[in-house]
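> upload-v3.cif is the file, holding mmCIF, N, CA and C atoms:
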```cif
data_run
loop_
_atom_site.group_PDB
_atom_site.id
_atom_site.type_symbol
_atom_site.label_atom_id
_atom_site.label_comp_id
_atom_site.auth_asym_id
_atom_site.auth_seq_id
_atom_site.Cartn_x
_atom_site.Cartn_y
_atom_site.Cartn_z
ATOM 1 N N MET S 1 -8.818 -199.824 -46.657
ATOM 2 C CA MET S 1 -9.773 -200.248 -47.665
ATOM 3 C C MET S 1 -11.178 -199.826 -47.224
ATOM 4 N N ALA S 2 -11.880 -199.133 -48.087
ATOM 5 C CA ALA S 2 -13.216 -198.646 -47.768
ATOM 6 C C ALA S 2 -14.227 -199.781 -47.849
ATOM 7 N N LYS S 3 -15.180 -199.736 -46.941
ATOM 8 C CA LYS S 3 -16.237 -200.745 -46.939
ATOM 9 C C LYS S 3 -17.290 -200.381 -47.970
ATOM 10 N N SER S 4 -17.834 -201.399 -48.618
ATOM 11 C CA SER S 4 -18.940 -201.169 -49.544
ATOM 12 C C SER S 4 -20.209 -200.924 -48.721
ATOM 13 N N SER S 5 -21.231 -200.407 -49.365
ATOM 14 C CA SER S 5 -22.486 -200.165 -48.650
ATOM 15 C C SER S 5 -23.081 -201.483 -48.152
ATOM 16 N N GLU S 6 -22.873 -202.561 -48.895
ATOM 17 C CA GLU S 6 -23.368 -203.872 -48.464
ATOM 18 C C GLU S 6 -22.654 -204.328 -47.191
ATOM 19 N N GLU S 7 -21.342 -204.100 -47.137
ATOM 20 C CA GLU S 7 -20.575 -204.473 -45.942
ATOM 21 C C GLU S 7 -20.978 -203.626 -44.742
ATOM 22 N N ARG S 8 -21.203 -202.317 -44.951
ATOM 23 C CA ARG S 8 -21.659 -201.448 -43.860
ATOM 24 C C ARG S 8 -23.035 -201.882 -43.381
ATOM 25 N N ASP S 9 -23.886 -202.241 -44.319
ATOM 26 C CA ASP S 9 -25.231 -202.697 -43.999
ATOM 27 C C ASP S 9 -25.173 -203.975 -43.154
ATOM 28 N N LEU S 10 -24.334 -204.910 -43.558
ATOM 29 C CA LEU S 10 -24.171 -206.166 -42.825
ATOM 30 C C LEU S 10 -23.584 -205.913 -41.439
ATOM 31 N N SER S 11 -22.631 -204.997 -41.340
ATOM 32 C CA SER S 11 -22.043 -204.646 -40.047
ATOM 33 C C SER S 11 -23.096 -204.057 -39.112
ATOM 34 N N GLY S 12 -23.946 -203.187 -39.650
ATOM 35 C CA GLY S 12 -25.024 -202.601 -38.846
ATOM 36 C C GLY S 12 -26.011 -203.647 -38.371
ATOM 37 N N LEU S 13 -26.281 -204.600 -39.221
ATOM 38 C CA LEU S 13 -27.200 -205.677 -38.860
ATOM 39 C C LEU S 13 -26.613 -206.531 -37.736
ATOM 40 N N PHE S 14 -25.338 -206.892 -37.859
ATOM 41 C CA PHE S 14 -24.700 -207.677 -36.802
ATOM 42 C C PHE S 14 -24.588 -206.885 -35.508
ATOM 43 N N LYS S 15 -24.334 -205.587 -35.604
ATOM 44 C CA LYS S 15 -24.286 -204.758 -34.405
ATOM 45 C C LYS S 15 -25.638 -204.782 -33.701
ATOM 46 N N ALA S 16 -26.704 -204.660 -34.471
ATOM 47 C CA ALA S 16 -28.043 -204.671 -33.894
ATOM 48 C C ALA S 16 -28.348 -206.012 -33.230
ATOM 49 N N LEU S 17 -27.896 -207.094 -33.835
ATOM 50 C CA LEU S 17 -28.166 -208.430 -33.298
ATOM 51 C C LEU S 17 -27.206 -208.824 -32.182
ATOM 52 N N GLY S 18 -26.146 -208.054 -31.993
ATOM 53 C CA GLY S 18 -25.114 -208.404 -31.026
ATOM 54 C C GLY S 18 -25.488 -208.170 -29.575
ATOM 55 N N ASP S 19 -26.617 -207.555 -29.322
ATOM 56 C CA ASP S 19 -27.024 -207.242 -27.957
ATOM 57 C C ASP S 19 -28.164 -208.160 -27.527
ATOM 58 N N ILE S 20 -28.038 -208.747 -26.349
ATOM 59 C CA ILE S 20 -29.038 -209.706 -25.848
ATOM 60 C C ILE S 20 -30.416 -209.056 -25.689
ATOM 61 N N THR S 21 -30.454 -207.814 -25.235
ATOM 62 C CA THR S 21 -31.745 -207.152 -25.069
ATOM 63 C C THR S 21 -32.445 -206.993 -26.405
ATOM 64 N N ARG S 22 -31.691 -206.610 -27.428
ATOM 65 C CA ARG S 22 -32.309 -206.469 -28.755
ATOM 66 C C ARG S 22 -32.779 -207.810 -29.299
ATOM 67 N N ARG S 23 -32.037 -208.878 -29.022
ATOM 68 C CA ARG S 23 -32.489 -210.209 -29.475
ATOM 69 C C ARG S 23 -33.763 -210.622 -28.746
ATOM 70 N N ARG S 24 -33.896 -210.261 -27.480
ATOM 71 C CA ARG S 24 -35.126 -210.587 -26.733
ATOM 72 C C ARG S 24 -36.303 -209.769 -27.252
ATOM 73 N N ILE S 25 -36.053 -208.526 -27.648
ATOM 74 C CA ILE S 25 -37.117 -207.725 -28.262
ATOM 75 C C ILE S 25 -37.583 -208.401 -29.549
ATOM 76 N N ILE S 26 -36.633 -208.873 -30.353
ATOM 77 C CA ILE S 26 -36.985 -209.588 -31.581
ATOM 78 C C ILE S 26 -37.801 -210.833 -31.250
ATOM 79 N N ASP S 27 -37.387 -211.582 -30.229
ATOM 80 C CA ASP S 27 -38.140 -212.771 -29.805
ATOM 81 C C ASP S 27 -39.585 -212.413 -29.488
ATOM 82 N N GLU S 28 -39.771 -211.325 -28.764
ATOM 83 C CA GLU S 28 -41.126 -210.919 -28.384
ATOM 84 C C GLU S 28 -41.946 -210.462 -29.586
ATOM 85 N N LEU S 29 -41.302 -209.785 -30.528
ATOM 86 C CA LEU S 29 -42.028 -209.360 -31.725
ATOM 87 C C LEU S 29 -42.302 -210.526 -32.668
ATOM 88 N N MET S 30 -41.530 -211.615 -32.539
ATOM 89 C CA MET S 30 -41.835 -212.841 -33.308
ATOM 90 C C MET S 30 -43.145 -213.451 -32.803
ATOM 91 N N ILE S 31 -43.365 -213.345 -31.510
ATOM 92 C CA ILE S 31 -44.582 -213.905 -30.914
ATOM 93 C C ILE S 31 -45.799 -213.066 -31.279
ATOM 94 N N ARG S 32 -45.638 -211.730 -31.186
ATOM 95 C CA ARG S 32 -46.773 -210.845 -31.498
ATOM 96 C C ARG S 32 -46.245 -209.510 -31.989
ATOM 97 N N ASP S 33 -46.663 -209.136 -33.171
ATOM 98 C CA ASP S 33 -46.297 -207.854 -33.754
ATOM 99 C C ASP S 33 -47.159 -206.731 -33.190
ATOM 100 N N LYS S 34 -46.813 -205.534 -33.595
ATOM 101 C CA LYS S 34 -47.555 -204.319 -33.253
ATOM 102 C C LYS S 34 -47.652 -204.123 -31.745
ATOM 103 N N GLN S 35 -46.488 -204.171 -31.087
ATOM 104 C CA GLN S 35 -46.445 -203.923 -29.651
ATOM 105 C C GLN S 35 -45.934 -202.508 -29.384
ATOM 106 N N SER S 36 -46.480 -201.916 -28.338
ATOM 107 C CA SER S 36 -46.033 -200.593 -27.909
ATOM 108 C C SER S 36 -44.765 -200.737 -27.072
ATOM 109 N N LEU S 37 -44.119 -199.623 -26.823
ATOM 110 C CA LEU S 37 -42.935 -199.621 -25.959
ATOM 111 C C LEU S 37 -43.278 -200.179 -24.587
ATOM 112 N N PHE S 38 -44.416 -199.790 -24.035
ATOM 113 C CA PHE S 38 -44.835 -200.285 -22.725
ATOM 114 C C PHE S 38 -44.978 -201.809 -22.734
ATOM 115 N N GLU S 39 -45.616 -202.342 -23.767
ATOM 116 C CA GLU S 39 -45.786 -203.800 -23.857
ATOM 117 C C GLU S 39 -44.445 -204.510 -23.973
ATOM 118 N N ILE S 40 -43.554 -203.987 -24.795
ATOM 119 C CA ILE S 40 -42.235 -204.596 -24.965
ATOM 120 C C ILE S 40 -41.461 -204.552 -23.652
ATOM 121 N N CYS S 41 -41.508 -203.419 -22.966
ATOM 122 C CA CYS S 41 -40.837 -203.301 -21.657
ATOM 123 C C CYS S 41 -41.350 -204.366 -20.690
ATOM 124 N N SER S 42 -42.647 -204.507 -20.630
ATOM 125 C CA SER S 42 -43.249 -205.481 -19.719
ATOM 126 C C SER S 42 -42.817 -206.900 -20.053
ATOM 127 N N ARG S 43 -42.878 -207.256 -21.318
ATOM 128 C CA ARG S 43 -42.540 -208.614 -21.738
ATOM 129 C C ARG S 43 -41.057 -208.919 -21.534
ATOM 130 N N VAL S 44 -40.191 -208.001 -21.911
ATOM 131 C CA VAL S 44 -38.749 -208.223 -21.772
ATOM 132 C C VAL S 44 -38.387 -208.378 -20.294
ATOM 133 N N SER S 45 -39.058 -207.621 -19.454
ATOM 134 C CA SER S 45 -38.785 -207.695 -18.015
ATOM 135 C C SER S 45 -39.341 -208.973 -17.403
ATOM 136 N N THR S 46 -40.615 -209.259 -17.632
ATOM 137 C CA THR S 46 -41.240 -210.406 -16.964
ATOM 138 C C THR S 46 -40.825 -211.751 -17.560
ATOM 139 N N VAL S 47 -40.721 -211.833 -18.858
ATOM 140 C CA VAL S 47 -40.406 -213.108 -19.504
ATOM 141 C C VAL S 47 -38.908 -213.401 -19.496
ATOM 142 N N HIS S 48 -38.102 -212.365 -19.725
ATOM 143 C CA HIS S 48 -36.664 -212.585 -19.901
ATOM 144 C C HIS S 48 -35.816 -212.078 -18.733
ATOM 145 N N GLY S 49 -36.449 -211.429 -17.769
ATOM 146 C CA GLY S 49 -35.718 -210.960 -16.599
ATOM 147 C C GLY S 49 -34.733 -209.840 -16.877
ATOM 148 N N ILE S 50 -34.955 -209.111 -17.954
ATOM 149 C CA ILE S 50 -34.070 -207.995 -18.301
ATOM 150 C C ILE S 50 -34.738 -206.714 -17.817
ATOM 151 N N SER S 51 -34.112 -206.059 -16.869
ATOM 152 C CA SER S 51 -34.694 -204.813 -16.369
ATOM 153 C C SER S 51 -33.968 -203.635 -17.000
ATOM 154 N N SER S 52 -34.681 -202.950 -17.853
ATOM 155 C CA SER S 52 -34.167 -201.757 -18.523
ATOM 156 C C SER S 52 -35.232 -200.679 -18.434
ATOM 157 N N SER S 53 -34.799 -199.455 -18.402
ATOM 158 C CA SER S 53 -35.763 -198.355 -18.405
ATOM 159 C C SER S 53 -36.430 -198.269 -19.774
ATOM 160 N N ARG S 54 -37.532 -197.566 -19.825
ATOM 161 C CA ARG S 54 -38.198 -197.361 -21.114
ATOM 162 C C ARG S 54 -37.289 -196.601 -22.064
ATOM 163 N N GLN S 55 -36.514 -195.666 -21.527
ATOM 164 C CA GLN S 55 -35.603 -194.898 -22.365
ATOM 165 C C GLN S 55 -34.543 -195.805 -22.982
ATOM 166 N N ALA S 56 -34.016 -196.729 -22.186
ATOM 167 C CA ALA S 56 -33.005 -197.659 -22.706
ATOM 168 C C ALA S 56 -33.611 -198.560 -23.776
ATOM 169 N N LEU S 57 -34.806 -199.077 -23.513
ATOM 170 C CA LEU S 57 -35.455 -199.934 -24.514
ATOM 171 C C LEU S 57 -35.814 -199.144 -25.764
ATOM 172 N N SER S 58 -36.165 -197.895 -25.592
ATOM 173 C CA SER S 58 -36.455 -197.048 -26.747
ATOM 174 C C SER S 58 -35.217 -196.902 -27.625
ATOM 175 N N ARG S 59 -34.044 -196.776 -27.008
ATOM 176 C CA ARG S 59 -32.797 -196.694 -27.776
ATOM 177 C C ARG S 59 -32.524 -198.018 -28.499
ATOM 178 N N HIS S 60 -32.786 -199.138 -27.830
ATOM 179 C CA HIS S 60 -32.617 -200.444 -28.481
ATOM 180 C C HIS S 60 -33.551 -200.562 -29.690
ATOM 181 N N LEU S 61 -34.783 -200.114 -29.524
ATOM 182 C CA LEU S 61 -35.737 -200.153 -30.635
ATOM 183 C C LEU S 61 -35.268 -199.272 -31.789
ATOM 184 N N ALA S 62 -34.665 -198.145 -31.480
ATOM 185 C CA ALA S 62 -34.153 -197.252 -32.533
ATOM 186 C C ALA S 62 -33.030 -197.925 -33.308
ATOM 187 N N VAL S 63 -32.172 -198.674 -32.627
ATOM 188 C CA VAL S 63 -31.092 -199.400 -33.306
ATOM 189 C C VAL S 63 -31.687 -200.461 -34.236
ATOM 190 N N LEU S 64 -32.680 -201.185 -33.739
ATOM 191 C CA LEU S 64 -33.327 -202.226 -34.555
ATOM 192 C C LEU S 64 -34.028 -201.610 -35.767
ATOM 193 N N GLU S 65 -34.646 -200.467 -35.564
ATOM 194 C CA GLU S 65 -35.327 -199.803 -36.682
ATOM 195 C C GLU S 65 -34.306 -199.289 -37.699
ATOM 196 N N SER S 66 -33.227 -198.727 -37.212
ATOM 197 C CA SER S 66 -32.175 -198.226 -38.099
ATOM 198 C C SER S 66 -31.561 -199.349 -38.937
ATOM 199 N N ALA S 67 -31.475 -200.551 -38.350
ATOM 200 C CA ALA S 67 -30.923 -201.704 -39.065
ATOM 201 C C ALA S 67 -31.959 -202.355 -39.989
ATOM 202 N N GLY S 68 -33.192 -201.860 -39.965
ATOM 203 C CA GLY S 68 -34.234 -202.405 -40.835
ATOM 204 C C GLY S 68 -34.855 -203.690 -40.313
ATOM 205 N N ILE S 69 -34.660 -203.987 -39.033
ATOM 206 C CA ILE S 69 -35.197 -205.221 -38.459
ATOM 207 C C ILE S 69 -36.629 -205.029 -37.978
ATOM 208 N N ILE S 70 -36.958 -203.814 -37.569
ATOM 209 C CA ILE S 70 -38.332 -203.525 -37.178
ATOM 210 C C ILE S 70 -38.828 -202.296 -37.924
ATOM 211 N N THR S 71 -40.139 -202.203 -38.023
ATOM 212 C CA THR S 71 -40.792 -201.019 -38.570
ATOM 213 C C THR S 71 -41.735 -200.493 -37.494
ATOM 214 N N THR S 72 -42.111 -199.244 -37.647
ATOM 215 C CA THR S 72 -43.033 -198.649 -36.678
ATOM 216 C C THR S 72 -44.180 -197.974 -37.398
ATOM 217 N N GLU S 73 -45.271 -197.871 -36.675
ATOM 218 C CA GLU S 73 -46.428 -197.130 -37.168
ATOM 219 C C GLU S 73 -47.126 -196.519 -35.959
ATOM 220 N N TRP S 74 -47.776 -195.426 -36.192
ATOM 221 C CA TRP S 74 -48.495 -194.755 -35.122
ATOM 222 C C TRP S 74 -49.969 -195.119 -35.181
ATOM 223 N N LYS S 75 -50.517 -195.453 -34.010
ATOM 224 C CA LYS S 75 -51.959 -195.660 -33.869
ATOM 225 C C LYS S 75 -52.389 -194.665 -32.799
ATOM 226 N N GLY S 76 -52.933 -193.543 -33.243
ATOM 227 C CA GLY S 76 -53.233 -192.455 -32.315
ATOM 228 C C GLY S 76 -51.930 -191.907 -31.759
ATOM 229 N N THR S 77 -51.779 -191.958 -30.444
ATOM 230 C CA THR S 77 -50.561 -191.463 -29.805
ATOM 231 C C THR S 77 -49.607 -192.589 -29.427
ATOM 232 N N THR S 78 -49.906 -193.800 -29.871
ATOM 233 C CA THR S 78 -49.087 -194.963 -29.528
ATOM 234 C C THR S 78 -48.274 -195.415 -30.730
ATOM 235 N N LYS S 79 -46.982 -195.577 -30.517
ATOM 236 C CA LYS S 79 -46.085 -196.070 -31.561
ATOM 237 C C LYS S 79 -46.016 -197.587 -31.448
ATOM 238 N N LEU S 80 -46.368 -198.273 -32.520
ATOM 239 C CA LEU S 80 -46.379 -199.735 -32.533
ATOM 240 C C LEU S 80 -45.187 -200.266 -33.323
ATOM 241 N N HIS S 81 -44.571 -201.313 -32.808
ATOM 242 C CA HIS S 81 -43.362 -201.892 -33.394
ATOM 243 C C HIS S 81 -43.680 -203.254 -33.991
ATOM 244 N N THR S 82 -43.184 -203.484 -35.199
ATOM 245 C CA THR S 82 -43.437 -204.725 -35.925
ATOM 246 C C THR S 82 -42.117 -205.268 -36.457
ATOM 247 N N LEU S 83 -41.937 -206.562 -36.341
ATOM 248 C CA LEU S 83 -40.738 -207.223 -36.849
ATOM 249 C C LEU S 83 -40.830 -207.346 -38.363
ATOM 250 N N ASP S 84 -39.772 -206.928 -39.049
ATOM 251 C CA ASP S 84 -39.664 -207.106 -40.492
ATOM 252 C C ASP S 84 -38.670 -208.247 -40.705
ATOM 253 N N LYS S 85 -39.163 -209.412 -41.004
ATOM 254 C CA LYS S 85 -38.324 -210.613 -41.091
ATOM 255 C C LYS S 85 -37.448 -210.660 -42.345
ATOM 256 N N THR S 86 -37.655 -209.735 -43.261
ATOM 257 C CA THR S 86 -36.919 -209.746 -44.525
ATOM 258 C C THR S 86 -35.415 -209.689 -44.309
ATOM 259 N N ARG S 87 -34.949 -208.745 -43.494
ATOM 260 C CA ARG S 87 -33.504 -208.593 -43.270
ATOM 261 C C ARG S 87 -32.903 -209.841 -42.637
ATOM 262 N N LEU S 88 -33.619 -210.430 -41.689
ATOM 263 C CA LEU S 88 -33.101 -211.631 -41.022
ATOM 264 C C LEU S 88 -33.102 -212.818 -41.978
ATOM 265 N N SER S 89 -34.126 -212.917 -42.809
ATOM 266 C CA SER S 89 -34.174 -213.992 -43.808
ATOM 267 C C SER S 89 -33.049 -213.840 -44.817
ATOM 268 N N ASN S 90 -32.799 -212.589 -45.251
ATOM 269 C CA ASN S 90 -31.709 -212.347 -46.198
ATOM 270 C C ASN S 90 -30.362 -212.704 -45.589
ATOM 271 N N LEU S 91 -30.198 -212.436 -44.311
ATOM 272 C CA LEU S 91 -28.962 -212.774 -43.619
ATOM 273 C C LEU S 91 -28.783 -214.288 -43.578
ATOM 274 N N ALA S 92 -29.852 -214.985 -43.235
ATOM 275 C CA ALA S 92 -29.786 -216.447 -43.136
ATOM 276 C C ALA S 92 -29.540 -217.100 -44.496
ATOM 277 N N SER S 93 -30.116 -216.527 -45.558
ATOM 278 C CA SER S 93 -29.948 -217.131 -46.885
ATOM 279 C C SER S 93 -28.745 -216.560 -47.632
ATOM 280 N N GLY S 94 -28.130 -215.538 -47.087
ATOM 281 C CA GLY S 94 -26.983 -214.902 -47.725
ATOM 282 C C GLY S 94 -25.669 -215.407 -47.165
ATOM 283 N N TRP S 95 -24.901 -214.480 -46.602
ATOM 284 C CA TRP S 95 -23.556 -214.783 -46.131
ATOM 285 C C TRP S 95 -23.531 -215.933 -45.119
ATOM 286 N N LEU S 96 -24.456 -215.962 -44.188
ATOM 287 C CA LEU S 96 -24.455 -217.032 -43.166
ATOM 288 C C LEU S 96 -24.706 -218.412 -43.769
ATOM 289 N N SER S 97 -25.385 -218.458 -44.896
ATOM 290 C CA SER S 97 -25.681 -219.768 -45.509
ATOM 291 C C SER S 97 -24.429 -220.481 -45.974
ATOM 292 N N THR S 98 -23.343 -219.762 -46.159
ATOM 293 C CA THR S 98 -22.097 -220.400 -46.599
ATOM 294 C C THR S 98 -21.505 -221.312 -45.521
ATOM 295 N N PHE S 99 -22.032 -221.201 -44.307
ATOM 296 C CA PHE S 99 -21.530 -222.015 -43.206
ATOM 297 C C PHE S 99 -22.456 -223.186 -42.880
ATOM 298 N N GLY S 100 -23.446 -223.429 -43.732
ATOM 299 C CA GLY S 100 -24.396 -224.521 -43.508
ATOM 300 C C GLY S 100 -23.778 -225.879 -43.757
ATOM 301 N N ASP S 101 -24.638 -226.857 -43.756
ATOM 302 C CA ASP S 101 -24.223 -228.259 -43.953
ATOM 303 C C ASP S 101 -23.313 -228.343 -45.137
#
```
As a first step, turn the structure in this file into structure tokens.

Amino acid sequence: MAKSSEERDLSGLFKALGDITRRRIIDELMIRDKQSLFEICSRVSTVHGISSSRQALSRHLAVLESAGIITTEWKGTTKLHTLDKTRLSNLASGWLSTFGD
């Protein structure tokens, strides 16, 4: 049975959220948006004790961006990452809401 685009979209979202490092990146972007890769690396390492190379964190950021959880913009030569809460809100008010009270 072929998956609908909505099901593929939901699967991609859960895949993105399934990794602890990506969830910690989201936590940090909840605190402050428009962070560079260097800032995210520093925060994830010092606050959460996750030691990953910049290349590894860059791949995590690409997964989050592909899933629509973060957006990016360039400020000069620096790429800034911002949390887009829309996808997470839709998840909470959509399929996951069926498991509420």
> As lines of an AutoDock Vina configuration file, what would the box around range 66-74 of chain S look like: edges along x, y and z, 8 Å added on every side, centre and edge lengths in Å to one decimal?

```
center_x = -40.4
center_y = -200.0
center_z = -38.0
size_x = 35.0
size_y = 26.5
size_z = 21.7
```
> I'd like to see the residues matched by the PyMOL selection byres ((chain S and resi 82) around 8) on this file, and ideally I'd get them as an NGL selection string.
:S and (29-30 or 32-36 or 69-73 or 79-81 or 83-85)
> Pick the closest to Arg22 in chain S from S:Leu96, S:Leu10, S:Cys41, S:Leu61: which is it, counting only N, CA and C atoms?
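Of the candidates, the smallest distance to Arg22 in chain S is held by S:Leu61.
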> DSSP on the backbone, then: every residue of chain S marked strand (DSSP E or B), written as a VMD selection string.
chain S and resid 35 70 to 75 78 to 83
> Take the residues just selected and output them with N, CA and C atoms as a PDB file, in the coordinates of the input.

```pdb
ATOM      1  N   GLN S  35     -46.488-204.171 -31.087  1.00  0.00           N
ATOM      2  CA  GLN S  35     -46.445-203.923 -29.651  1.00  0.00           C
ATOM      3  C   GLN S  35     -45.934-202.508 -29.384  1.00  0.00           C
ATOM      4  N   ILE S  70     -36.958-203.814 -37.569  1.00  0.00           N
ATOM      5  CA  ILE S  70     -38.332-203.525 -37.178  1.00  0.00           C
ATOM      6  C   ILE S  70     -38.828-202.296 -37.924  1.00  0.00           C
ATOM      7  N   THR S  71     -40.139-202.203 -38.023  1.00  0.00           N
ATOM      8  CA  THR S  71     -40.792-201.019 -38.570  1.00  0.00           C
ATOM      9  C   THR S  71     -41.735-200.493 -37.494  1.00  0.00           C
ATOM     10  N   THR S  72     -42.111-199.244 -37.647  1.00  0.00           N
ATOM     11  CA  THR S  72     -43.033-198.649 -36.678  1.00  0.00           C
ATOM     12  C   THR S  72     -44.180-197.974 -37.398  1.00  0.00           C
ATOM     13  N   GLU S  73     -45.271-197.871 -36.675  1.00  0.00           N
ATOM     14  CA  GLU S  73     -46.428-197.130 -37.168  1.00  0.00           C
ATOM     15  C   GLU S  73     -47.126-196.519 -35.959  1.00  0.00           C
ATOM     16  N   TRP S  74     -47.776-195.426 -36.192  1.00  0.00           N
ATOM     17  CA  TRP S  74     -48.495-194.755 -35.122  1.00  0.00           C
ATOM     18  C   TRP S  74     -49.969-195.119 -35.181  1.00  0.00           C
ATOM     19  N   LYS S  75     -50.517-195.453 -34.010  1.00  0.00           N
ATOM     20  CA  LYS S  75     -51.959-195.660 -33.869  1.00  0.00           C
ATOM     21  C   LYS S  75     -52.389-194.665 -32.799  1.00  0.00           C
ATOM     22  N   THR S  78     -49.906-193.800 -29.871  1.00  0.00           N
ATOM     23  CA  THR S  78     -49.087-194.963 -29.528  1.00  0.00           C
ATOM     24  C   THR S  78     -48.274-195.415 -30.730  1.00  0.00           C
ATOM     25  N   LYS S  79     -46.982-195.577 -30.517  1.00  0.00           N
ATOM     26  CA  LYS S  79     -46.085-196.070 -31.561  1.00  0.00           C
ATOM     27  C   LYS S  79     -46.016-197.587 -31.448  1.00  0.00           C
ATOM     28  N   LEU S  80     -46.368-198.273 -32.520  1.00  0.00           N
ATOM     29  CA  LEU S  80     -46.379-199.735 -32.533  1.00  0.00           C
ATOM     30  C   LEU S  80     -45.187-200.266 -33.323  1.00  0.00           C
ATOM     31  N   HIS S  81     -44.571-201.313 -32.808  1.00  0.00           N
ATOM     32  CA  HIS S  81     -43.362-201.892 -33.394  1.00  0.00           C
ATOM     33  C   HIS S  81     -43.680-203.254 -33.991  1.00  0.00           C
ATOM     34  N   THR S  82     -43.184-203.484 -35.199  1.00  0.00           N
ATOM     35  CA  THR S  82     -43.437-204.725 -35.925  1.00  0.00           C
ATOM     36  C   THR S  82     -42.117-205.268 -36.457  1.00  0.00           C
ATOM     37  N   LEU S  83     -41.937-206.562 -36.341  1.00  0.00           N
ATOM     38  CA  LEU S  83     -40.738-207.223 -36.849  1.00  0.00           C
ATOM     39  C   LEU S  83     -40.830-207.346 -38.363  1.00  0.00           C
TER      40      LEU S  83
END
```
> Suppose a student applies the PyMOL selection byres (((chain S and resi 43 and name CA) around 12) and name CA) to this structure; what residues should they get, written as a short mmCIF file (atom, residue, chain, number, x, y, z; two decimals) with N, CA and C atoms, in the coordinates of the input?

```cif
data_model
loop_
_atom_site.label_atom_id
_atom_site.label_comp_id
_atom_site.auth_asym_id
_atom_site.auth_seq_id
_atom_site.Cartn_x
_atom_site.Cartn_y
_atom_site.Cartn_z
N THR S 21 -30.45 -207.81 -25.24
CA THR S 21 -31.74 -207.15 -25.07
C THR S 21 -32.44 -206.99 -26.40
N ARG S 24 -33.90 -210.26 -27.48
CA ARG S 24 -35.13 -210.59 -26.73
C ARG S 24 -36.30 -209.77 -27.25
N ILE S 25 -36.05 -208.53 -27.65
CA ILE S 25 -37.12 -207.72 -28.26
C ILE S 25 -37.58 -208.40 -29.55
N ILE S 26 -36.63 -208.87 -30.35
CA ILE S 26 -36.98 -209.59 -31.58
C ILE S 26 -37.80 -210.83 -31.25
N ASP S 27 -37.39 -211.58 -30.23
CA ASP S 27 -38.14 -212.77 -29.80
C ASP S 27 -39.58 -212.41 -29.49
N GLU S 28 -39.77 -211.32 -28.76
CA GLU S 28 -41.13 -210.92 -28.38
C GLU S 28 -41.95 -210.46 -29.59
N LEU S 29 -41.30 -209.78 -30.53
CA LEU S 29 -42.03 -209.36 -31.72
C LEU S 29 -42.30 -210.53 -32.67
N ILE S 31 -43.36 -213.34 -31.51
CA ILE S 31 -44.58 -213.90 -30.91
C ILE S 31 -45.80 -213.07 -31.28
N ARG S 32 -45.64 -211.73 -31.19
CA ARG S 32 -46.77 -210.84 -31.50
C ARG S 32 -46.24 -209.51 -31.99
N GLN S 35 -46.49 -204.17 -31.09
CA GLN S 35 -46.44 -203.92 -29.65
C GLN S 35 -45.93 -202.51 -29.38
N SER S 36 -46.48 -201.92 -28.34
CA SER S 36 -46.03 -200.59 -27.91
C SER S 36 -44.76 -200.74 -27.07
N LEU S 37 -44.12 -199.62 -26.82
CA LEU S 37 -42.94 -199.62 -25.96
C LEU S 37 -43.28 -200.18 -24.59
N PHE S 38 -44.42 -199.79 -24.04
CA PHE S 38 -44.84 -200.28 -22.72
C PHE S 38 -44.98 -201.81 -22.73
N GLU S 39 -45.62 -202.34 -23.77
CA GLU S 39 -45.79 -203.80 -23.86
C GLU S 39 -44.44 -204.51 -23.97
N ILE S 40 -43.55 -203.99 -24.80
CA ILE S 40 -42.24 -204.60 -24.96
C ILE S 40 -41.46 -204.55 -23.65
N CYS S 41 -41.51 -203.42 -22.97
CA CYS S 41 -40.84 -203.30 -21.66
C CYS S 41 -41.35 -204.37 -20.69
N SER S 42 -42.65 -204.51 -20.63
CA SER S 42 -43.25 -205.48 -19.72
C SER S 42 -42.82 -206.90 -20.05
N VAL S 44 -40.19 -208.00 -21.91
CA VAL S 44 -38.75 -208.22 -21.77
C VAL S 44 -38.39 -208.38 -20.29
N SER S 45 -39.06 -207.62 -19.45
CA SER S 45 -38.78 -207.70 -18.02
C SER S 45 -39.34 -208.97 -17.40
N THR S 46 -40.62 -209.26 -17.63
CA THR S 46 -41.24 -210.41 -16.96
C THR S 46 -40.83 -211.75 -17.56
N VAL S 47 -40.72 -211.83 -18.86
CA VAL S 47 -40.41 -213.11 -19.50
C VAL S 47 -38.91 -213.40 -19.50
N HIS S 48 -38.10 -212.36 -19.73
CA HIS S 48 -36.66 -212.58 -19.90
C HIS S 48 -35.82 -212.08 -18.73
N GLY S 49 -36.45 -211.43 -17.77
CA GLY S 49 -35.72 -210.96 -16.60
C GLY S 49 -34.73 -209.84 -16.88
N ILE S 50 -34.96 -209.11 -17.95
CA ILE S 50 -34.07 -208.00 -18.30
C ILE S 50 -34.74 -206.71 -17.82
N SER S 51 -34.11 -206.06 -16.87
CA SER S 51 -34.69 -204.81 -16.37
C SER S 51 -33.97 -203.64 -17.00
N SER S 52 -34.68 -202.95 -17.85
CA SER S 52 -34.17 -201.76 -18.52
C SER S 52 -35.23 -200.68 -18.43
N LEU S 57 -34.81 -199.08 -23.51
CA LEU S 57 -35.46 -199.93 -24.51
C LEU S 57 -35.81 -199.14 -25.76
#
```
> Between atom C of Asp9 in chain S and atom C of Trp74 in chain S, what is the distance in Å, rounded to a tenth?
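Interatomic distance here is 27.5 Å.
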> Apply the PyMOL selection byres (((chain S and resi 13-18 and name CA) around 6) and name CA) to the structure shown and report the selected residues as a list in words.
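Applying the PyMOL selection byres (((chain S and resi 13-18 and name CA) around 6) and name CA) to the structure shown produces Leu10, Ser11, Gly12, Asp19, Leu64 and Ala67 of chain S.
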> Quick one: distance from CA of Ser58 in chain S to atom N of Ser5 in chain S in Å, one decimal?
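Computed distance, CA of Ser58 in chain S to atom N of Ser5 in chain S, equals 27.5 Å.
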